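Let me begin by presenting the structure, written as structure tokens, before commenting on it.
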Amino acid sequence: MKYFVYGSKETKHLKNADEKMKALIERNGHIDREVYEDLFECLVSSVVGQQISGRALETIVGRLEEKAGGITAKNIDGLSTEDIKNCGMSFRKANNIKNLSAKFLSEEINESEFANMADEEVVKKLIELDGIGRWTAEMALIFALNRPDVFSYGDFGIRKGLTKLCGKEADKTLFEKYRQKFSPFGTVGYNDYYPGPHWEFASESKPVDLSQASDSIDCTLVDLPFDHNGSELNYDEASNTYLYSEYNMKHTDPANGDKQLAFTNILIQNATHTKYDSNGYMQFNILEQTGRSGYYITGGKAIPVTWSKGHDMDPTRFYDMDGNLITLNTGKTYIALVSDTRWDELVLE
């Protein structure tokens, strides 16, 4: 496993450049940001990941890696476009990946040559490839080539982090101001702003088994104290999912052949709320919360958890009772907020 390389020289520069960044670095400490083993693997992952979720990306790349025997240009070139497509992607993506492997094998794209090229030269070279746009090329500078001064306006995560830090929308003018401030070590600033993935997922071959937890309980029924719709989820052992009902009826999905909505994971959060009028208009208080109680439910079992959330753009984190971040199983997740005033009415059995 490789990590983006930086040290005290880079962090000292950023701390001197901006007081808010200084506080962020001192709070976060050194961040080990995983990077790819090589450029080809990074670009393949980027092409696969376009317009799909992070979990779907992980699943498809895992299938491709297994079919090819590893993500290398030689291995991928040995597959047909149909083989690549059957890993779970469109024909266009599969064709782009097949063409990408040919360009690496012919050395039309030679990673070693990039060492003597400026960032913008590398970007221009990469965006000539099918399926590679500017943002993908800039991410390759970071996650494959370890370039120290990348601060991409095209990346939503970094704009979101900068908005949070500054307390106002990170438009192009503000973004450029900070890019210049952090240069020539903008990538390290990216590391501190970027919040990382929201969830950790288990592999399909090694799913989470809550029965192994000492505090797990059987849970084949989740009856939520929601008077407005009577939400209920029942465990279906055959599909290993929880089937959703409301108003005492199956809740079906027209976009999925009118099948009953089914969830692999359920997360329930105990939350306080603010009531605004006699009609029931209210708002849950979920910001600046630490160590509130909840449950994680999957596979017919439940465990108690705690959850925490800071700023509105921070991810909500769920922890088991030993303080470890929970890992979810592959599939849909149902998340419910339950008022602390009705928490005792929640039924898990």
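In the structure tokens, chains take letters A, B, ... by order of appearance, with residues numbered from 1 within each chain and ligands from 1 in the order shown.
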With only C-alpha atoms as the counted atoms, please give the residues lying no more than 8 Å from Thr187 of chain A, apart from itself and same-chain residues fewer than 4 positions off, as a PyMOL selection string.
chain A and resi 142+147-151+191
Counting only C-alpha atoms, what is within 10 Å of segment 294-307 of chain A, bar same-chain residues fewer than 5 positions away, as an mmCIF file with N, CA and C atoms, in the first residue's frame?
data_model
loop_
_atom_site.group_PDB
_atom_site.id
_atom_site.type_symbol
_atom_site.label_atom_id
_atom_site.label_comp_id
_atom_site.auth_asym_id
_atom_site.auth_seq_id
_atom_site.Cartn_x
_atom_site.Cartn_y
_atom_site.Cartn_z
ATOM 1 N N PRO A 207 -18.476 -10.611 4.033
ATOM 2 C CA PRO A 207 -19.448 -9.658 4.568
ATOM 3 C C PRO A 207 -19.365 -9.531 6.088
ATOM 4 N N VAL A 208 -19.901 -8.424 6.592
ATOM 5 C CA VAL A 208 -19.976 -8.219 8.035
ATOM 6 C C VAL A 208 -20.945 -9.233 8.635
ATOM 7 N N ASP A 209 -20.536 -9.879 9.725
ATOM 8 C CA ASP A 209 -21.381 -10.827 10.456
ATOM 9 C C ASP A 209 -21.501 -10.331 11.888
ATOM 10 N N LEU A 210 -22.594 -9.640 12.181
ATOM 11 C CA LEU A 210 -22.760 -9.052 13.506
ATOM 12 C C LEU A 210 -22.945 -10.088 14.598
ATOM 13 N N SER A 211 -23.240 -11.343 14.242
ATOM 14 C CA SER A 211 -23.397 -12.373 15.266
ATOM 15 C C SER A 211 -22.092 -12.615 16.021
ATOM 16 N N GLN A 212 -20.973 -12.170 15.421
ATOM 17 C CA GLN A 212 -19.682 -12.334 16.083
ATOM 18 C C GLN A 212 -19.451 -11.291 17.170
ATOM 19 N N ALA A 213 -20.265 -10.241 17.180
ATOM 20 C CA ALA A 213 -20.111 -9.187 18.193
ATOM 21 C C ALA A 213 -20.738 -9.626 19.506
ATOM 22 N N SER A 214 -20.052 -9.352 20.615
ATOM 23 C CA SER A 214 -20.540 -9.789 21.931
ATOM 24 C C SER A 214 -21.835 -9.104 22.333
ATOM 25 N N ASP A 215 -22.116 -7.924 21.772
ATOM 26 C CA ASP A 215 -23.315 -7.179 22.157
ATOM 27 C C ASP A 215 -24.411 -7.242 21.096
ATOM 28 N N SER A 216 -24.326 -8.218 20.168
ATOM 29 C CA SER A 216 -25.344 -8.314 19.119
ATOM 30 C C SER A 216 -26.624 -8.948 19.659
ATOM 31 N N ILE A 217 -27.731 -8.578 19.063
ATOM 32 C CA ILE A 217 -29.029 -9.156 19.397
ATOM 33 C C ILE A 217 -29.724 -9.580 18.113
ATOM 34 N N ASP A 218 -30.638 -10.556 18.242
ATOM 35 C CA ASP A 218 -31.433 -10.930 17.075
ATOM 36 C C ASP A 218 -32.315 -9.757 16.669
ATOM 37 N N CYS A 219 -32.446 -9.533 15.361
ATOM 38 C CA CYS A 219 -33.274 -8.423 14.899
ATOM 39 C C CYS A 219 -33.862 -8.760 13.535
ATOM 40 N N THR A 220 -35.090 -9.291 13.563
ATOM 41 C CA THR A 220 -35.785 -9.600 12.316
ATOM 42 C C THR A 220 -36.946 -8.644 12.064
ATOM 43 N N LEU A 221 -37.200 -7.765 13.044
ATOM 44 C CA LEU A 221 -38.249 -6.756 12.886
ATOM 45 C C LEU A 221 -37.749 -5.422 13.425
ATOM 46 N N VAL A 222 -37.920 -4.376 12.626
ATOM 47 C CA VAL A 222 -37.638 -3.014 13.064
ATOM 48 C C VAL A 222 -38.930 -2.226 12.913
ATOM 49 N N ASN A 234 -38.966 -5.736 7.836
ATOM 50 C CA ASN A 234 -38.948 -7.141 8.222
ATOM 51 C C ASN A 234 -37.829 -7.870 7.493
ATOM 52 N N TYR A 235 -37.092 -8.667 8.252
ATOM 53 C CA TYR A 235 -35.948 -9.375 7.687
ATOM 54 C C TYR A 235 -36.391 -10.553 6.833
ATOM 55 N N ASP A 236 -35.870 -10.619 5.620
ATOM 56 C CA ASP A 236 -36.118 -11.720 4.705
ATOM 57 C C ASP A 236 -34.830 -12.527 4.575
ATOM 58 N N GLU A 237 -34.804 -13.698 5.185
ATOM 59 C CA GLU A 237 -33.577 -14.490 5.239
ATOM 60 C C GLU A 237 -33.112 -14.918 3.857
ATOM 61 N N SER A 239 -33.207 -13.380 0.975
ATOM 62 C CA SER A 239 -32.467 -12.332 0.267
ATOM 63 C C SER A 239 -31.459 -11.629 1.160
ATOM 64 N N ASN A 240 -31.488 -11.953 2.454
ATOM 65 C CA ASN A 240 -30.616 -11.305 3.443
ATOM 66 C C ASN A 240 -30.800 -9.790 3.448
ATOM 67 N N THR A 241 -32.059 -9.362 3.308
ATOM 68 C CA THR A 241 -32.381 -7.934 3.316
ATOM 69 C C THR A 241 -33.588 -7.679 4.212
ATOM 70 N N TYR A 242 -33.823 -6.410 4.489
ATOM 71 C CA TYR A 242 -34.982 -5.969 5.254
ATOM 72 C C TYR A 242 -35.990 -5.330 4.304
ATOM 73 N N PHE A 263 -33.513 -3.393 1.937
ATOM 74 C CA PHE A 263 -32.282 -2.762 2.417
ATOM 75 C C PHE A 263 -31.386 -3.801 3.079
ATOM 76 N N THR A 264 -30.103 -3.741 2.750
ATOM 77 C CA THR A 264 -29.128 -4.635 3.365
ATOM 78 C C THR A 264 -28.754 -4.167 4.762
ATOM 79 N N ASN A 265 -28.612 -2.861 4.917
ATOM 80 C CA ASN A 265 -28.201 -2.273 6.198
ATOM 81 C C ASN A 265 -29.268 -1.303 6.694
ATOM 82 N N ILE A 266 -29.374 -1.191 8.019
ATOM 83 C CA ILE A 266 -30.226 -0.182 8.641
ATOM 84 C C ILE A 266 -29.399 0.539 9.700
ATOM 85 N N LEU A 267 -29.429 1.856 9.662
ATOM 86 C CA LEU A 267 -28.785 2.679 10.691
ATOM 87 C C LEU A 267 -29.857 3.541 11.348
ATOM 88 N N ILE A 268 -29.916 3.503 12.666
ATOM 89 C CA ILE A 268 -30.908 4.276 13.397
ATOM 90 C C ILE A 268 -30.180 5.211 14.361
ATOM 91 N N GLN A 269 -30.546 6.483 14.301
ATOM 92 C CA GLN A 269 -29.888 7.508 15.112
ATOM 93 C C GLN A 269 -30.853 8.118 16.131
ATOM 94 N N ASN A 270 -30.443 8.128 17.378
ATOM 95 C CA ASN A 270 -31.161 8.841 18.430
ATOM 96 C C ASN A 270 -30.780 10.314 18.320
ATOM 97 N N ALA A 271 -31.796 11.192 18.151
ATOM 98 C CA ALA A 271 -31.503 12.614 17.955
ATOM 99 C C ALA A 271 -32.515 13.482 18.693
ATOM 100 N N ILE A 286 -28.777 17.584 14.330
ATOM 101 C CA ILE A 286 -27.764 16.582 13.998
ATOM 102 C C ILE A 286 -26.357 17.167 13.887
ATOM 103 N N GLN A 289 -22.807 17.115 17.075
ATOM 104 C CA GLN A 289 -23.244 16.041 17.961
ATOM 105 C C GLN A 289 -22.103 15.042 18.141
ATOM 106 N N THR A 316 -21.367 11.943 8.720
ATOM 107 C CA THR A 316 -21.785 11.357 9.990
ATOM 108 C C THR A 316 -20.995 10.072 10.179
ATOM 109 N N ARG A 317 -20.371 9.911 11.343
ATOM 110 C CA ARG A 317 -19.566 8.730 11.621
ATOM 111 C C ARG A 317 -20.281 7.852 12.644
ATOM 112 N N PHE A 318 -20.271 6.542 12.406
ATOM 113 C CA PHE A 318 -20.890 5.577 13.304
ATOM 114 C C PHE A 318 -19.802 4.671 13.875
ATOM 115 N N TYR A 319 -19.867 4.427 15.197
ATOM 116 C CA TYR A 319 -18.835 3.658 15.878
ATOM 117 C C TYR A 319 -19.475 2.532 16.691
ATOM 118 N N ASP A 320 -18.793 1.378 16.745
ATOM 119 C CA ASP A 320 -19.262 0.330 17.648
ATOM 120 C C ASP A 320 -18.891 0.705 19.082
ATOM 121 N N MET A 321 -19.255 -0.119 20.035
ATOM 122 C CA MET A 321 -19.070 0.248 21.434
ATOM 123 C C MET A 321 -17.614 0.168 21.885
ATOM 124 N N ASP A 322 -16.746 -0.341 21.002
ATOM 125 C CA ASP A 322 -15.304 -0.313 21.272
ATOM 126 C C ASP A 322 -14.635 0.905 20.645
ATOM 127 N N GLY A 323 -15.451 1.752 19.990
ATOM 128 C CA GLY A 323 -14.924 2.971 19.393
ATOM 129 C C GLY A 323 -14.402 2.819 17.984
ATOM 130 N N ASN A 324 -14.672 1.671 17.336
ATOM 131 C CA ASN A 324 -14.208 1.456 15.968
ATOM 132 C C ASN A 324 -15.275 1.893 14.964
ATOM 133 N N LEU A 325 -14.839 2.512 13.862
ATOM 134 C CA LEU A 325 -15.771 2.849 12.791
ATOM 135 C C LEU A 325 -16.429 1.578 12.262
ATOM 136 N N ILE A 326 -17.731 1.613 12.084
ATOM 137 C CA ILE A 326 -18.406 0.424 11.590
ATOM 138 C C ILE A 326 -18.149 0.239 10.096
ATOM 139 N N THR A 327 -18.290 -0.987 9.663
ATOM 140 C CA THR A 327 -18.175 -1.334 8.252
ATOM 141 C C THR A 327 -19.530 -1.844 7.781
ATOM 142 N N LEU A 328 -20.008 -1.322 6.658
ATOM 143 C CA LEU A 328 -21.304 -1.717 6.126
ATOM 144 C C LEU A 328 -21.159 -2.847 5.118
ATOM 145 N N ASN A 329 -22.233 -3.615 4.966
ATOM 146 C CA ASN A 329 -22.275 -4.612 3.899
ATOM 147 C C ASN A 329 -22.690 -3.957 2.586
ATOM 148 N N THR A 333 -28.773 1.077 2.059
ATOM 149 C CA THR A 333 -28.803 1.345 3.496
ATOM 150 C C THR A 333 -29.962 2.274 3.820
ATOM 151 N N TYR A 334 -30.763 1.878 4.795
ATOM 152 C CA TYR A 334 -31.883 2.698 5.278
ATOM 153 C C TYR A 334 -31.404 3.410 6.548
ATOM 154 N N ILE A 335 -31.545 4.737 6.571
ATOM 155 C CA ILE A 335 -31.117 5.522 7.729
ATOM 156 C C ILE A 335 -32.329 6.246 8.303
ATOM 157 N N ALA A 336 -32.534 6.105 9.601
ATOM 158 C CA ALA A 336 -33.683 6.727 10.257
ATOM 159 C C ALA A 336 -33.230 7.527 11.468
ATOM 160 N N LEU A 337 -33.798 8.726 11.605
ATOM 161 C CA LEU A 337 -33.613 9.543 12.800
ATOM 162 C C LEU A 337 -34.836 9.354 13.695
ATOM 163 N N VAL A 338 -34.606 8.997 14.944
ATOM 164 C CA VAL A 338 -35.692 8.792 15.900
ATOM 165 C C VAL A 338 -35.508 9.778 17.052
ATOM 166 N N TRP A 343 -37.505 7.385 21.794
ATOM 167 C CA TRP A 343 -36.505 6.340 21.595
ATOM 168 C C TRP A 343 -36.927 5.020 22.241
ATOM 169 N N LEU A 348 -37.040 -3.385 18.271
ATOM 170 C CA LEU A 348 -36.118 -4.279 17.554
ATOM 171 C C LEU A 348 -36.313 -5.658 18.145
ATOM 172 N N GLU A 349 -36.743 -6.574 17.321
ATOM 173 C CA GLU A 349 -36.961 -7.926 17.872
ATOM 174 C C GLU A 349 -36.811 -8.989 16.791
#
Do you know which residues are at most 10 Å from Ser339 of chain A counting only C-alpha atoms, after dropping those on the same chain fewer than 5 positions away, and could you put them as a PyMOL selection string?
chain A and resi 225-226+269-274+284-285+344-346
Separation of atom CA of Ile84 of chain A from atom CA of Ala202 of chain A in Å:
23.2 Å
Backbone DSSP call of alpha helix (DSSP H) for segment 70-256 of chain A, listed as a VMD selection string
chain A and resid 73 to 77 81 to 85 91 to 105 119 to 126 134 to 143 156 to 166 172 to 182 186 to 193
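Distance annotation: of A:Gln283, A:Asn110, A:Ser8, A:Asn96, the residue with the minimal separation from Ile25 of chain A is A:Ser8; atom set is only C-alpha atoms.
For the residues A:Met89, A:Cys42, A:Ala17, A:Val347, ranking by smallest atom-to-atom distance to Thr136 of chain A using only C-alpha atoms places A:Cys42 first.
Within 10 Å of segment 27-31 of chain A there are A:Tyr3, A:Phe4, A:Val5, A:Tyr6, A:Gly7, A:Ser8, A:Thr11, A:Met21, A:Lys22, A:Ala23, A:Leu24, A:Ile25, A:Arg33, A:Glu34, A:Val188, A:Asn191, A:Asp192, A:Tyr193, counting only C-alpha atoms and ignoring same-chain residues fewer than 2 positions away.
The interatomic distance for the pair atom CA of Gly70 of chain A and atom CA of Arg134 of chain A works out to 26.3 Å.
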From segment 50-254 of chain A, collect each residue whose DSSP state is strand (DSSP E) and return the set as a VMD selection string.
chain A and resid 217 to 218 221 to 223 232 to 236 241 to 246 249 to 250 252 to 253
Only N, CA, C and O atoms, please: the residues just picked out, written as a PDB file, in the first residue's frame.
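To be explicit, this is the file written out as out.pdb:
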ATOM      1  N   ILE A 217     -27.731  -8.578  19.063  1.00  0.00           N
ATOM      2  CA  ILE A 217     -29.029  -9.156  19.397  1.00  0.00           C
ATOM      3  C   ILE A 217     -29.724  -9.580  18.113  1.00  0.00           C
ATOM      4  O   ILE A 217     -29.428  -9.066  17.040  1.00  0.00           O
ATOM      5  N   ASP A 218     -30.638 -10.556  18.242  1.00  0.00           N
ATOM      6  CA  ASP A 218     -31.433 -10.930  17.075  1.00  0.00           C
ATOM      7  C   ASP A 218     -32.315  -9.757  16.669  1.00  0.00           C
ATOM      8  O   ASP A 218     -32.879  -9.061  17.516  1.00  0.00           O
ATOM      9  N   LEU A 221     -37.200  -7.765  13.044  1.00  0.00           N
ATOM     10  CA  LEU A 221     -38.249  -6.756  12.886  1.00  0.00           C
ATOM     11  C   LEU A 221     -37.749  -5.422  13.425  1.00  0.00           C
ATOM     12  O   LEU A 221     -37.225  -5.352  14.541  1.00  0.00           O
ATOM     13  N   VAL A 222     -37.920  -4.376  12.626  1.00  0.00           N
ATOM     14  CA  VAL A 222     -37.638  -3.014  13.064  1.00  0.00           C
ATOM     15  C   VAL A 222     -38.930  -2.226  12.913  1.00  0.00           C
ATOM     16  O   VAL A 222     -39.417  -2.010  11.793  1.00  0.00           O
ATOM     17  N   ASP A 223     -39.496  -1.826  14.035  1.00  0.00           N
ATOM     18  CA  ASP A 223     -40.752  -1.069  14.044  1.00  0.00           C
ATOM     19  C   ASP A 223     -40.444   0.333  14.561  1.00  0.00           C
ATOM     20  O   ASP A 223     -40.139   0.515  15.743  1.00  0.00           O
ATOM     21  N   GLU A 232     -41.998   0.148   8.940  1.00  0.00           N
ATOM     22  CA  GLU A 232     -41.608  -1.148   9.498  1.00  0.00           C
ATOM     23  C   GLU A 232     -40.716  -1.866   8.495  1.00  0.00           C
ATOM     24  O   GLU A 232     -40.934  -1.793   7.288  1.00  0.00           O
ATOM     25  N   LEU A 233     -39.704  -2.563   9.010  1.00  0.00           N
ATOM     26  CA  LEU A 233     -38.813  -3.340   8.148  1.00  0.00           C
ATOM     27  C   LEU A 233     -38.731  -4.752   8.702  1.00  0.00           C
ATOM     28  O   LEU A 233     -38.455  -4.945   9.896  1.00  0.00           O
ATOM     29  N   ASN A 234     -38.966  -5.736   7.836  1.00  0.00           N
ATOM     30  CA  ASN A 234     -38.948  -7.141   8.222  1.00  0.00           C
ATOM     31  C   ASN A 234     -37.829  -7.870   7.493  1.00  0.00           C
ATOM     32  O   ASN A 234     -37.670  -7.729   6.274  1.00  0.00           O
ATOM     33  N   TYR A 235     -37.092  -8.667   8.252  1.00  0.00           N
ATOM     34  CA  TYR A 235     -35.948  -9.375   7.687  1.00  0.00           C
ATOM     35  C   TYR A 235     -36.391 -10.553   6.833  1.00  0.00           C
ATOM     36  O   TYR A 235     -37.208 -11.387   7.250  1.00  0.00           O
ATOM     37  N   ASP A 236     -35.870 -10.619   5.620  1.00  0.00           N
ATOM     38  CA  ASP A 236     -36.118 -11.720   4.705  1.00  0.00           C
ATOM     39  C   ASP A 236     -34.830 -12.527   4.575  1.00  0.00           C
ATOM     40  O   ASP A 236     -33.867 -12.085   3.946  1.00  0.00           O
ATOM     41  N   THR A 241     -32.059  -9.362   3.308  1.00  0.00           N
ATOM     42  CA  THR A 241     -32.381  -7.934   3.316  1.00  0.00           C
ATOM     43  C   THR A 241     -33.588  -7.679   4.212  1.00  0.00           C
ATOM     44  O   THR A 241     -34.307  -8.606   4.597  1.00  0.00           O
ATOM     45  N   TYR A 242     -33.823  -6.410   4.489  1.00  0.00           N
ATOM     46  CA  TYR A 242     -34.982  -5.969   5.254  1.00  0.00           C
ATOM     47  C   TYR A 242     -35.990  -5.330   4.304  1.00  0.00           C
ATOM     48  O   TYR A 242     -35.660  -4.380   3.586  1.00  0.00           O
ATOM     49  N   LEU A 243     -37.203  -5.871   4.290  1.00  0.00           N
ATOM     50  CA  LEU A 243     -38.242  -5.404   3.378  1.00  0.00           C
ATOM     51  C   LEU A 243     -39.047  -4.305   4.049  1.00  0.00           C
ATOM     52  O   LEU A 243     -39.494  -4.450   5.198  1.00  0.00           O
ATOM     53  N   TYR A 244     -39.250  -3.220   3.320  1.00  0.00           N
ATOM     54  CA  TYR A 244     -39.834  -2.007   3.899  1.00  0.00           C
ATOM     55  C   TYR A 244     -41.332  -1.913   3.636  1.00  0.00           C
ATOM     56  O   TYR A 244     -41.802  -2.134   2.512  1.00  0.00           O
ATOM     57  N   SER A 245     -42.066  -1.575   4.701  1.00  0.00           N
ATOM     58  CA  SER A 245     -43.512  -1.356   4.599  1.00  0.00           C
ATOM     59  C   SER A 245     -43.871  -0.060   5.308  1.00  0.00           C
ATOM     60  O   SER A 245     -43.188   0.368   6.251  1.00  0.00           O
ATOM     61  N   GLU A 246     -44.951   0.578   4.847  1.00  0.00           N
ATOM     62  CA  GLU A 246     -45.512   1.724   5.553  1.00  0.00           C
ATOM     63  C   GLU A 246     -47.019   1.752   5.289  1.00  0.00           C
ATOM     64  O   GLU A 246     -47.495   1.190   4.302  1.00  0.00           O
ATOM     65  N   MET A 249     -48.670  -1.490   4.453  1.00  0.00           N
ATOM     66  CA  MET A 249     -48.598  -2.039   3.099  1.00  0.00           C
ATOM     67  C   MET A 249     -47.139  -2.119   2.650  1.00  0.00           C
ATOM     68  O   MET A 249     -46.290  -1.347   3.111  1.00  0.00           O
ATOM     69  N   LYS A 250     -46.873  -3.069   1.761  1.00  0.00           N
ATOM     70  CA  LYS A 250     -45.536  -3.144   1.174  1.00  0.00           C
ATOM     71  C   LYS A 250     -45.259  -1.858   0.401  1.00  0.00           C
ATOM     72  O   LYS A 250     -46.118  -1.390  -0.345  1.00  0.00           O
ATOM     73  N   THR A 252     -43.440  -0.389  -2.563  1.00  0.00           N
ATOM     74  CA  THR A 252     -42.808  -0.917  -3.771  1.00  0.00           C
ATOM     75  C   THR A 252     -42.113   0.185  -4.565  1.00  0.00           C
ATOM     76  O   THR A 252     -42.364   1.375  -4.381  1.00  0.00           O
ATOM     77  N   ASP A 253     -41.238  -0.253  -5.454  1.00  0.00           N
ATOM     78  CA  ASP A 253     -40.437   0.661  -6.268  1.00  0.00           C
ATOM     79  C   ASP A 253     -40.808   0.483  -7.739  1.00  0.00           C
ATOM     80  O   ASP A 253     -40.426  -0.510  -8.366  1.00  0.00           O
TER      81      ASP A 253
END
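Between atom CA of Phe104 of chain A and atom CA of Ala73 of chain A the separation is 6.3 Å.
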I want to know what sits within 12 Å of Gly131 of chain A, based on only C-alpha atoms, with residues of the same chain fewer than 5 positions away left out; could you give that as a PDB file with C-alpha atoms, in the first residue's frame?
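For reference, result.pdb as written:
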ATOM      1  CA  LEU A  43      -6.740   5.772 -14.869  1.00  0.00           C
ATOM      2  CA  VAL A  44      -8.658   2.494 -15.138  1.00  0.00           C
ATOM      3  CA  SER A  45     -10.264   3.149 -11.764  1.00  0.00           C
ATOM      4  CA  SER A  46     -11.131   6.691 -12.850  1.00  0.00           C
ATOM      5  CA  VAL A  47     -12.808   5.535 -16.063  1.00  0.00           C
ATOM      6  CA  VAL A  48     -14.807   2.841 -14.255  1.00  0.00           C
ATOM      7  CA  GLY A  49     -15.820   5.287 -11.511  1.00  0.00           C
ATOM      8  CA  GLN A  50     -17.396   7.915 -13.741  1.00  0.00           C
ATOM      9  CA  ARG A  92     -18.087   2.663 -23.909  1.00  0.00           C
ATOM     10  CA  LYS A  93     -16.158   2.446 -20.625  1.00  0.00           C
ATOM     11  CA  ALA A  94     -14.958  -1.054 -21.473  1.00  0.00           C
ATOM     12  CA  ASN A  95     -13.753   0.100 -24.893  1.00  0.00           C
ATOM     13  CA  ASN A  96     -11.945   3.097 -23.362  1.00  0.00           C
ATOM     14  CA  ILE A  97     -10.158   0.792 -20.907  1.00  0.00           C
ATOM     15  CA  LYS A  98      -9.215  -1.623 -23.689  1.00  0.00           C
ATOM     16  CA  ASN A  99      -7.788   1.268 -25.750  1.00  0.00           C
ATOM     17  CA  LEU A 100      -5.982   2.577 -22.683  1.00  0.00           C
ATOM     18  CA  LEU A 126      -3.722  12.552 -20.549  1.00  0.00           C
ATOM     19  CA  THR A 136      -9.444  12.899 -13.933  1.00  0.00           C
ATOM     20  CA  ALA A 137      -6.035  13.960 -15.205  1.00  0.00           C
TER      21      ALA A 137
END
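Distance check against Asp227 of chain A using only C-alpha atoms: of A:Asn16, A:Asn248, A:Asn146, A:Asn86, the minimum falls on A:Asn248.
Checking A:Leu39, A:Lys332, A:Phe201, A:Lys206 one by one against Glu138 of chain A, counting only C-alpha atoms, you find the shortest gap at A:Leu39.
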